[in-house]
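The block underneath contains the structure these notes are about, expressed in structure tokens.
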Amino acid sequence: MGCDGGTIPKRHELVKGPKKVEKVDKDAELVAQWNYCALSQEILRRPIVACELGRLYNKDAVIEFLLDKSSGKALGKAASHIKSIKNVTELRLSDNPAWEGDKGNTKGDKHDDLQRARFICPVVGLEMNGRHRFCFLRCCGCVFSERALKEIKAEVCHTCGAAFQDDDVIVLNGTKEDVEMLKSRMEPQRGPLPTARSLRLTSPSSPPTALPSAPRRSQPTGSPTRPTASEAPARRPHAARSDPVGQLVWALAVPRSPC
């Protein structure tokens with residue numbers, strides 16, 4: 001049977017097989033990762049920051065994202081783990097003297113060399129184009145190639161001399177395994193939080209602590225004594241006169257003038 005007009009369909013037009021998986025151009029992917037912001041998809045320009053997962057951003061794009069989270073942008077998923085500007089580190093990048101950028105001919109006959117990169121490793125001179133693994137130090141923000149850190153082992157930064165540990169080294173645009181390791185580093189395992197009842201209860205082995213008591217006043221020792229004859233004038237005259245014994249004591253204690 002034929003179609004209208006006397007045409008005969010072929011087999012590949014009638015039978016549809018499985019769709020071919022589209023292969024991603026690795027060169028284009030590397031250019032996108034190392035030359036464009038992961039949040040705004042704009043070309044990277046200083047100041048450039050990196051998150052704890054090793055992704056590159058423009059600092060102004062991160063600030064705009066933190067200020068305006070109401071807009072449900074699809075690109076915001078790349079920075080959903082950034083809760084504050086403290087979660088990113090400003091990078092100290094070394095310029096590549098061989099990179100011309102936009103200084104060349106712009107009439108349309110210009111050839112863009114994808115092997116050329118804007119930045120290089122300041123220690124061994126490797127270009128940061130995605131062909132080599134690069135990392136940065138979270139404590140100071142200096143960027144080096146992984147080869148430089150392996151060949152020149154030191155506990156201080158090669159550029160600024162700041163001391164760092166192994167946890168401060170973060171791989172830029174790493175593999176899935178690197179990202180999973182960085183995620184586990186971001187979320188350390190914590191024990192269960194104490195409840196209010198556990199905070200009120202004390203350990204049975206620990207003795208109860210006594211509250212500090214108020215200082216007591218010292219009481220005089222011995223039995224009270226009766227006032228002597230010299231203390232008798234301190235009494236009021238009307239109190240002494242109302243008591244017969246007091247009248248006698250008062251009469252004896254008060255000195256009389258000679259006649």
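Within each chain, counting starts at residue 1; across the structure tokens, chains are named A, B, ... in the order shown, with ligands numbered 1 upward in that order.
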
| Spatial neighbours of stretch 157-171 of chain A, max dist 6 Å, only C-alpha atoms, sep filter under 6 positions, as number ranges by chain | A: 54, 135-138

Can you write just those residues out, all heavy atoms, as a short mmCIF file (atom, residue, chain, number, x, y, z; two decimals), in the first residue's frame?
data_model
loop_
_atom_site.label_atom_id
_atom_site.label_comp_id
_atom_site.auth_asym_id
_atom_site.auth_seq_id
_atom_site.Cartn_x
_atom_site.Cartn_y
_atom_site.Cartn_z
N GLY A 54 31.93 23.31 46.07
CA GLY A 54 32.90 23.55 45.01
C GLY A 54 32.33 24.18 43.76
O GLY A 54 32.98 24.12 42.71
N CYS A 135 41.40 23.11 43.40
CA CYS A 135 40.76 23.19 44.72
C CYS A 135 41.12 24.54 45.34
O CYS A 135 42.04 25.23 44.90
CB CYS A 135 41.19 22.04 45.62
SG CYS A 135 42.97 21.82 45.74
N PHE A 136 40.37 24.89 46.36
CA PHE A 136 40.64 26.14 47.08
C PHE A 136 40.63 25.85 48.57
O PHE A 136 40.08 24.84 49.04
CB PHE A 136 39.61 27.21 46.71
CG PHE A 136 38.25 27.01 47.33
CD1 PHE A 136 37.90 27.64 48.51
CD2 PHE A 136 37.32 26.20 46.72
CE1 PHE A 136 36.66 27.47 49.08
CE2 PHE A 136 36.06 26.01 47.27
CZ PHE A 136 35.73 26.65 48.45
N LEU A 137 41.25 26.75 49.30
CA LEU A 137 41.34 26.64 50.75
C LEU A 137 40.24 27.50 51.36
O LEU A 137 40.14 28.70 51.07
CB LEU A 137 42.71 27.09 51.25
CG LEU A 137 43.91 26.35 50.68
CD1 LEU A 137 45.20 26.89 51.28
CD2 LEU A 137 43.80 24.85 50.92
N ARG A 138 39.43 26.88 52.19
CA ARG A 138 38.32 27.59 52.80
C ARG A 138 38.77 28.65 53.79
O ARG A 138 38.06 29.64 54.03
CB ARG A 138 37.38 26.58 53.47
CG ARG A 138 36.12 27.16 54.06
CD ARG A 138 35.18 26.05 54.47
NE ARG A 138 35.84 25.03 55.27
CZ ARG A 138 35.26 23.92 55.68
NH1 ARG A 138 34.00 23.69 55.37
NH2 ARG A 138 35.92 23.04 56.40
#

| message | So the first atom is atom CA of A:Ala117 and the second is atom CA of A:Ala32; what is the distance between them in Å, to one decimal place? | response |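 Interatomic distance here is 12.3 Å.
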
| message | Using Å and a single decimal, report how far atom CA of A:Glu64 sits from atom CA of A:Gln41. | response |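 These two atoms are separated by 13.7 Å.
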
| request: From the DSSP assignment of the backbone, select every residue of stretch 134-166 of chain A that is alpha helix (DSSP H), and format the answer as a PyMOL selection string. | output: chain A and resi 146-151

| said: Can you tell me which residues surround A:Trp99 at a distance of at most 9 Å, considering only C-alpha atoms, apart from same-chain residues fewer than 5 positions away, and format the answer as a PyMOL selection string? | reply: chain A and resi 116-119

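Non-sequential neighbours of A:Cys121 (distance at most 7 Å, separation of 2 or more positions within a chain, only C-alpha atoms) are A:Ser94, A:Val123, A:Val124, A:Gly125, A:Leu126, A:Glu127, A:Phe144, A:Ser145.
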
Output for the residues just chosen: all heavy atoms as a compact mmCIF listing (two decimals), in the first residue's frame:
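This is the output file selection_32.txt:
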# COMPACT_ATOMS: atom_id res chain seq x y z
N SER A 94 44.59 33.62 40.29
CA SER A 94 45.77 34.14 39.61
C SER A 94 45.48 34.23 38.12
O SER A 94 45.07 33.25 37.50
CB SER A 94 46.98 33.23 39.86
OG SER A 94 47.24 33.10 41.24
N VAL A 123 51.34 27.99 41.37
CA VAL A 123 52.50 27.19 41.79
C VAL A 123 53.11 26.45 40.60
O VAL A 123 54.30 26.59 40.31
CB VAL A 123 52.09 26.19 42.89
CG1 VAL A 123 53.29 25.35 43.33
CG2 VAL A 123 51.51 26.92 44.08
N VAL A 124 52.30 25.70 39.85
CA VAL A 124 52.82 24.89 38.74
C VAL A 124 52.42 25.44 37.39
O VAL A 124 52.88 24.94 36.36
CB VAL A 124 52.37 23.43 38.88
CG1 VAL A 124 52.97 22.80 40.12
CG2 VAL A 124 50.85 23.34 38.91
N GLY A 125 51.54 26.45 37.33
CA GLY A 125 51.20 27.09 36.08
C GLY A 125 50.15 26.39 35.25
O GLY A 125 49.97 26.75 34.07
N LEU A 126 49.41 25.42 35.79
CA LEU A 126 48.35 24.75 35.03
C LEU A 126 47.16 25.68 34.86
O LEU A 126 46.81 26.44 35.77
CB LEU A 126 47.93 23.46 35.74
CG LEU A 126 48.97 22.35 35.83
CD1 LEU A 126 48.42 21.17 36.62
CD2 LEU A 126 49.40 21.91 34.45
N GLU A 127 46.53 25.61 33.70
CA GLU A 127 45.38 26.47 33.43
C GLU A 127 44.11 25.86 34.01
O GLU A 127 43.91 24.65 33.97
CB GLU A 127 45.23 26.68 31.92
CG GLU A 127 46.39 27.42 31.30
CD GLU A 127 46.13 27.76 29.85
OE1 GLU A 127 45.04 27.43 29.36
OE2 GLU A 127 47.02 28.36 29.22
N PHE A 144 44.48 26.59 44.02
CA PHE A 144 45.63 25.86 43.51
C PHE A 144 45.15 24.65 42.74
O PHE A 144 43.99 24.23 42.86
CB PHE A 144 46.56 25.41 44.64
CG PHE A 144 47.02 26.50 45.55
CD1 PHE A 144 46.38 26.73 46.75
CD2 PHE A 144 48.09 27.29 45.21
CE1 PHE A 144 46.79 27.74 47.59
CE2 PHE A 144 48.52 28.31 46.04
CZ PHE A 144 47.87 28.53 47.24
N SER A 145 46.04 24.07 41.96
CA SER A 145 45.76 22.79 41.34
C SER A 145 46.04 21.68 42.35
O SER A 145 46.85 21.83 43.27
CB SER A 145 46.63 22.60 40.10
OG SER A 145 48.00 22.59 40.44

| remark: Students should find that atom CA of A:Val31 and atom CA of A:Lys153 are spaced 29.8 Å
